[in-house]
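**Q** Dropping in final22.pdb, which is PDB, C-alpha atoms:
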ATOM      1  CA  MET A1418     148.741  89.947 156.655  1.00  0.00           C
ATOM      2  CA  ALA A1419     151.184  87.030 156.882  1.00  0.00           C
ATOM      3  CA  GLU A1420     148.649  84.802 155.110  1.00  0.00           C
ATOM      4  CA  ILE A1421     148.529  87.215 152.156  1.00  0.00           C
ATOM      5  CA  ALA A1422     152.346  87.232 151.887  1.00  0.00           C
ATOM      6  CA  LEU A1423     152.402  83.423 151.991  1.00  0.00           C
ATOM      7  CA  LEU A1424     149.677  83.131 149.366  1.00  0.00           C
ATOM      8  CA  SER A1425     151.509  85.634 147.161  1.00  0.00           C
ATOM      9  CA  ALA A1426     154.747  83.639 147.459  1.00  0.00           C
ATOM     10  CA  ILE A1427     152.967  80.398 146.583  1.00  0.00           C
ATOM     11  CA  LEU A1428     151.219  81.903 143.561  1.00  0.00           C
ATOM     12  CA  SER A1429     154.416  83.485 142.261  1.00  0.00           C
ATOM     13  CA  GLY A1430     156.178  80.115 142.403  1.00  0.00           C
ATOM     14  CA  VAL A1431     158.773  81.116 144.989  1.00  0.00           C
ATOM     15  CA  LEU A1432     157.888  78.251 147.293  1.00  0.00           C
ATOM     16  CA  PHE A1433     157.434  75.705 144.511  1.00  0.00           C
ATOM     17  CA  THR A1434     160.803  76.262 142.804  1.00  0.00           C
ATOM     18  CA  PRO A1435     162.761  73.985 145.184  1.00  0.00           C
ATOM     19  CA  LEU A1436     160.057  71.321 144.854  1.00  0.00           C
ATOM     20  CA  LEU A1437     160.346  71.337 141.069  1.00  0.00           C
ATOM     21  CA  ALA A1438     164.155  71.401 140.982  1.00  0.00           C
ATOM     22  CA  SER A1439     166.039  68.183 140.286  1.00  0.00           C
ATOM     23  CA  GLU A1440     169.454  66.884 141.187  1.00  0.00           C
ATOM     24  CA  HIS A1441     171.494  65.356 138.368  1.00  0.00           C
ATOM     25  CA  VAL A1442     174.526  63.183 139.052  1.00  0.00           C
ATOM     26  CA  VAL A1443     177.598  63.309 136.826  1.00  0.00           C
ATOM     27  CA  ASP A1444     180.450  60.948 137.609  1.00  0.00           C
ATOM     28  CA  GLN A1445     184.103  61.601 136.875  1.00  0.00           C
ATOM     29  CA  LEU A1446     185.515  58.180 136.083  1.00  0.00           C
ATOM     30  CA  GLY A1447     188.285  57.053 133.760  1.00  0.00           C
ATOM     31  CA  ARG A1448     189.099  60.684 132.970  1.00  0.00           C
ATOM     32  CA  LYS A1449     185.603  61.150 131.534  1.00  0.00           C
ATOM     33  CA  PHE A1450     182.408  62.854 132.608  1.00  0.00           C
ATOM     34  CA  ILE A1451     179.596  60.294 132.671  1.00  0.00           C
ATOM     35  CA  PRO A1452     177.266  61.249 131.089  1.00  0.00           C
ATOM     36  CA  SER A1453     179.105  63.653 128.780  1.00  0.00           C
ATOM     37  CA  THR A1454     175.957  65.644 127.910  1.00  0.00           C
ATOM     38  CA  LEU A1455     173.214  66.798 130.229  1.00  0.00           C
ATOM     39  CA  ASN A1456     169.932  68.696 129.900  1.00  0.00           C
ATOM     40  CA  VAL A1457     168.886  70.577 133.040  1.00  0.00           C
ATOM     41  CA  LYS A1458     166.594  73.407 134.112  1.00  0.00           C
ATOM     42  CA  VAL A1459     167.271  76.647 135.950  1.00  0.00           C
ATOM     43  CA  GLY A1460     167.169  75.852 139.671  1.00  0.00           C
ATOM     44  CA  ASP A1461     168.480  72.301 139.235  1.00  0.00           C
ATOM     45  CA  THR A1462     171.621  71.046 140.949  1.00  0.00           C
ATOM     46  CA  ILE A1463     174.383  68.952 139.411  1.00  0.00           C
ATOM     47  CA  ARG A1464     176.321  66.687 141.756  1.00  0.00           C
ATOM     48  CA  LEU A1465     179.821  66.049 140.369  1.00  0.00           C
ATOM     49  CA  LYS A1466     181.156  62.825 141.872  1.00  0.00           C
ATOM     50  CA  ASN A1467     184.823  61.907 141.674  1.00  0.00           C
ATOM     51  CA  SER A1468     185.006  58.115 141.414  1.00  0.00           C
ATOM     52  CA  ASP A1469     188.571  58.165 140.068  1.00  0.00           C
ATOM     53  CA  SER A1470     191.487  57.372 142.369  1.00  0.00           C
ATOM     54  CA  PHE A1471     193.011  60.792 141.617  1.00  0.00           C
ATOM     55  CA  ALA A1472     191.946  64.438 141.823  1.00  0.00           C
ATOM     56  CA  HIS A1473     189.966  66.487 139.318  1.00  0.00           C
ATOM     57  CA  ASN A1474     189.300  70.227 139.031  1.00  0.00           C
ATOM     58  CA  ALA A1475     186.044  70.837 137.150  1.00  0.00           C
ATOM     59  CA  TYR A1476     185.237  74.376 136.049  1.00  0.00           C
ATOM     60  CA  THR A1477     183.399  76.486 133.511  1.00  0.00           C
ATOM     61  CA  ASP A1478     184.024  79.971 132.199  1.00  0.00           C
ATOM     62  CA  ASP A1479     180.328  80.507 131.466  1.00  0.00           C
ATOM     63  CA  TYR A1480     179.667  83.832 133.173  1.00  0.00           C
ATOM     64  CA  GLN A1481     176.030  82.967 133.966  1.00  0.00           C
ATOM     65  CA  ASN A1482     176.761  79.618 135.657  1.00  0.00           C
ATOM     66  CA  GLU A1483     180.419  80.087 136.532  1.00  0.00           C
ATOM     67  CA  PHE A1484     181.981  77.691 139.039  1.00  0.00           C
ATOM     68  CA  ASP A1485     185.304  76.066 139.903  1.00  0.00           C
ATOM     69  CA  SER A1486     185.318  72.924 142.030  1.00  0.00           C
ATOM     70  CA  GLY A1487     188.897  73.444 143.115  1.00  0.00           C
ATOM     71  CA  MET A1488     190.978  70.364 143.806  1.00  0.00           C
ATOM     72  CA  GLN A1489     188.338  67.648 144.111  1.00  0.00           C
ATOM     73  CA  LYS A1490     189.873  64.587 145.757  1.00  0.00           C
ATOM     74  CA  SER A1491     188.878  61.001 145.061  1.00  0.00           C
ATOM     75  CA  GLY A1492     185.493  60.218 146.635  1.00  0.00           C
ATOM     76  CA  GLU A1493     184.455  63.865 146.992  1.00  0.00           C
ATOM     77  CA  ASP A1494     181.301  65.424 145.534  1.00  0.00           C
ATOM     78  CA  THR A1495     180.851  68.997 144.317  1.00  0.00           C
ATOM     79  CA  LEU A1496     177.458  70.665 143.900  1.00  0.00           C
ATOM     80  CA  ILE A1497     176.741  73.057 141.038  1.00  0.00           C
ATOM     81  CA  ASN A1498     173.629  75.228 141.224  1.00  0.00           C
ATOM     82  CA  ILE A1499     172.182  76.122 137.819  1.00  0.00           C
ATOM     83  CA  LYS A1500     171.310  79.821 137.804  1.00  0.00           C
ATOM     84  CA  ALA A1501     170.657  80.790 134.180  1.00  0.00           C
ATOM     85  CA  LYS A1502     169.366  79.453 130.877  1.00  0.00           C
ATOM     86  CA  THR A1503     172.343  78.878 128.566  1.00  0.00           C
ATOM     87  CA  HIS A1504     174.534  76.229 126.983  1.00  0.00           C
ATOM     88  CA  PHE A1505     177.983  75.725 128.459  1.00  0.00           C
ATOM     89  CA  LYS A1506     180.806  73.240 128.759  1.00  0.00           C
ATOM     90  CA  VAL A1507     182.581  71.970 131.835  1.00  0.00           C
ATOM     91  CA  GLN A1508     186.223  70.964 131.656  1.00  0.00           C
ATOM     92  CA  CYS A1509     188.788  69.511 134.031  1.00  0.00           C
ATOM     93  CA  ALA A1510     191.782  71.800 134.547  1.00  0.00           C
ATOM     94  CA  ILE A1511     193.975  68.761 135.233  1.00  0.00           C
ATOM     95  CA  HIS A1512     192.671  66.564 132.392  1.00  0.00           C
ATOM     96  CA  PRO A1513     191.697  68.920 129.538  1.00  0.00           C
ATOM     97  CA  GLU A1514     190.346  66.053 127.418  1.00  0.00           C
ATOM     98  CA  MET A1515     187.421  65.771 129.852  1.00  0.00           C
ATOM     99  CA  LEU A1516     184.373  67.655 128.517  1.00  0.00           C
ATOM    100  CA  LEU A1517     180.813  67.882 129.786  1.00  0.00           C
ATOM    101  CA  HIS A1518     178.207  69.729 127.676  1.00  0.00           C
ATOM    102  CA  ILE A1519     175.281  71.195 129.609  1.00  0.00           C
ATOM    103  CA  GLU A1520     172.118  72.574 128.046  1.00  0.00           C
ATOM    104  CA  VAL A1521     169.958  74.627 130.412  1.00  0.00           C
ATOM    105  CA  ASP A1522     166.282  75.030 129.460  1.00  0.00           C
TER     106      ASP A1522
END
Output the file's structure in the form of structure tokens.
**A**
Amino acid sequence: MAEIALLSAILSGVLFTPLLASEHVVDQLGRKFIPSTLNVKVGDTIRLKNSDSFAHNAYTDDYQNEFDSGMQKSGEDTLINIKAKTHFKVQCAIHPEMLLHIEVD
């Protein structure tokens, strides 16, 4: 019976999803997101690195992929898990001129 459940999970893609997911790295440097645009897929992860010598607070109000990194100190990384197909922007609450546009396929 366990073999049937495993086979069912494999065929439905449940076990393959993590294998197909990618990690994308976005740096916060010079009060900019680098890159400033990103195309990702549902299930992917975005690693926000803070390479500046000061804190950032990245967030989005997109209700499908909502997150808030909180006070992200210099040298810290924040992981964002992409949950839904949409287009959204990420901003820094401390430096509002920082914008990252994300397109989720």
**Q** Near Asn1467 in chain A, within 9 Å and counting all atoms listed in the file, which residues show up once chain neighbours fewer than 3 positions away are dropped, as a PDB file with C-alpha atoms, in the coordinates of the input?
**A**
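Contents of selection-v2.pdb, as written:
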ATOM      1  CA  VAL A1443     177.598  63.309 136.826  1.00  0.00           C
ATOM      2  CA  ASP A1444     180.450  60.948 137.609  1.00  0.00           C
ATOM      3  CA  GLN A1445     184.103  61.601 136.875  1.00  0.00           C
ATOM      4  CA  LEU A1446     185.515  58.180 136.083  1.00  0.00           C
ATOM      5  CA  SER A1470     191.487  57.372 142.369  1.00  0.00           C
ATOM      6  CA  PHE A1471     193.011  60.792 141.617  1.00  0.00           C
ATOM      7  CA  ALA A1472     191.946  64.438 141.823  1.00  0.00           C
ATOM      8  CA  HIS A1473     189.966  66.487 139.318  1.00  0.00           C
ATOM      9  CA  GLN A1489     188.338  67.648 144.111  1.00  0.00           C
ATOM     10  CA  LYS A1490     189.873  64.587 145.757  1.00  0.00           C
ATOM     11  CA  SER A1491     188.878  61.001 145.061  1.00  0.00           C
ATOM     12  CA  GLY A1492     185.493  60.218 146.635  1.00  0.00           C
ATOM     13  CA  GLU A1493     184.455  63.865 146.992  1.00  0.00           C
ATOM     14  CA  ASP A1494     181.301  65.424 145.534  1.00  0.00           C
ATOM     15  CA  THR A1495     180.851  68.997 144.317  1.00  0.00           C
TER      16      THR A1495
END
**Q** Could you give me the centre and size, in Å to one decimal, of an axis-aligned box around all listed atoms of range 1466-1482 of chain A with 3 Å added on every side, as lines of an AutoDock Vina configuration file?
**A**
center_x = 184.5
center_y = 70.6
center_z = 136.9
size_x = 23.0
size_y = 32.5
size_z = 16.9
**Q** Could you list, as number ranges by chain, every residue matched by the PyMOL selection byres ((chain A and resi 1439) around 6) in this structure?
**A** A: 1438, 1440, 1461
**Q** Of the candidates A:Val1459, A:Cys1509, A:Ala1501, A:Ile1451, which one gets nearest to Leu1437 in chain A if we count all atoms listed in the file?
**A**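 Closest to Leu1437 in chain A of all the choices is A:Val1459.
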**Q** Rank A:Pro1513, A:Val1507, A:Asp1522, A:Lys1466 by their smallest atom-to-atom distance to Ser1453 in chain A, using all atoms listed in the file, and report the top residue only.
**A**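 Counting all atoms listed in the file, the residue closest to Ser1453 in chain A is A:Val1507.
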**Q** Evaluate the PyMOL selection byres ((chain A and resi 1475-1478) around 7) on the structure here and hand back the selected residues as a list in words.
**A** His1473, Asn1474, Asp1479, Tyr1480, Glu1483, Phe1484, Asp1485, Ser1486, Lys1506, Val1507, Gln1508, Cys1509 and Ala1510 of chain A
**Q** Looking at all atoms listed in the file, which of A:Met1488, A:Leu1465, A:Ile1499, A:Val1442 is the one that sits closest to Glu1520 in chain A?
**A**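 Once distances to Glu1520 in chain A are computed over all atoms listed in the file, the minimum belongs to A:Ile1499.
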**Q** Rounded to one decimal place, report the CA of Thr1454 in chain A-CA of Val1521 in chain A distance in Å.
**A** 11.1 Å
**Q** So, with only C-alpha atoms as the atoms that count, which of A:Leu1496, A:Ile1511, A:Gln1481, A:His1518 lies closest to Val1457 in chain A?
**A** A:His1518
**Q** What's the separation between CA of Gly1447 in chain A and CA of Ile1497 in chain A, in Å to one decimal place?
**A**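 Value for the CA of Gly1447 in chain A-CA of Ile1497 in chain A distance: 21.0 Å.
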**Q** One number please: CA of Lys1502 in chain A to CA of Ser1468 in chain A, in Å, one decimal.
**A**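 Separating CA of Lys1502 in chain A from CA of Ser1468 in chain A is a distance of 28.5 Å.
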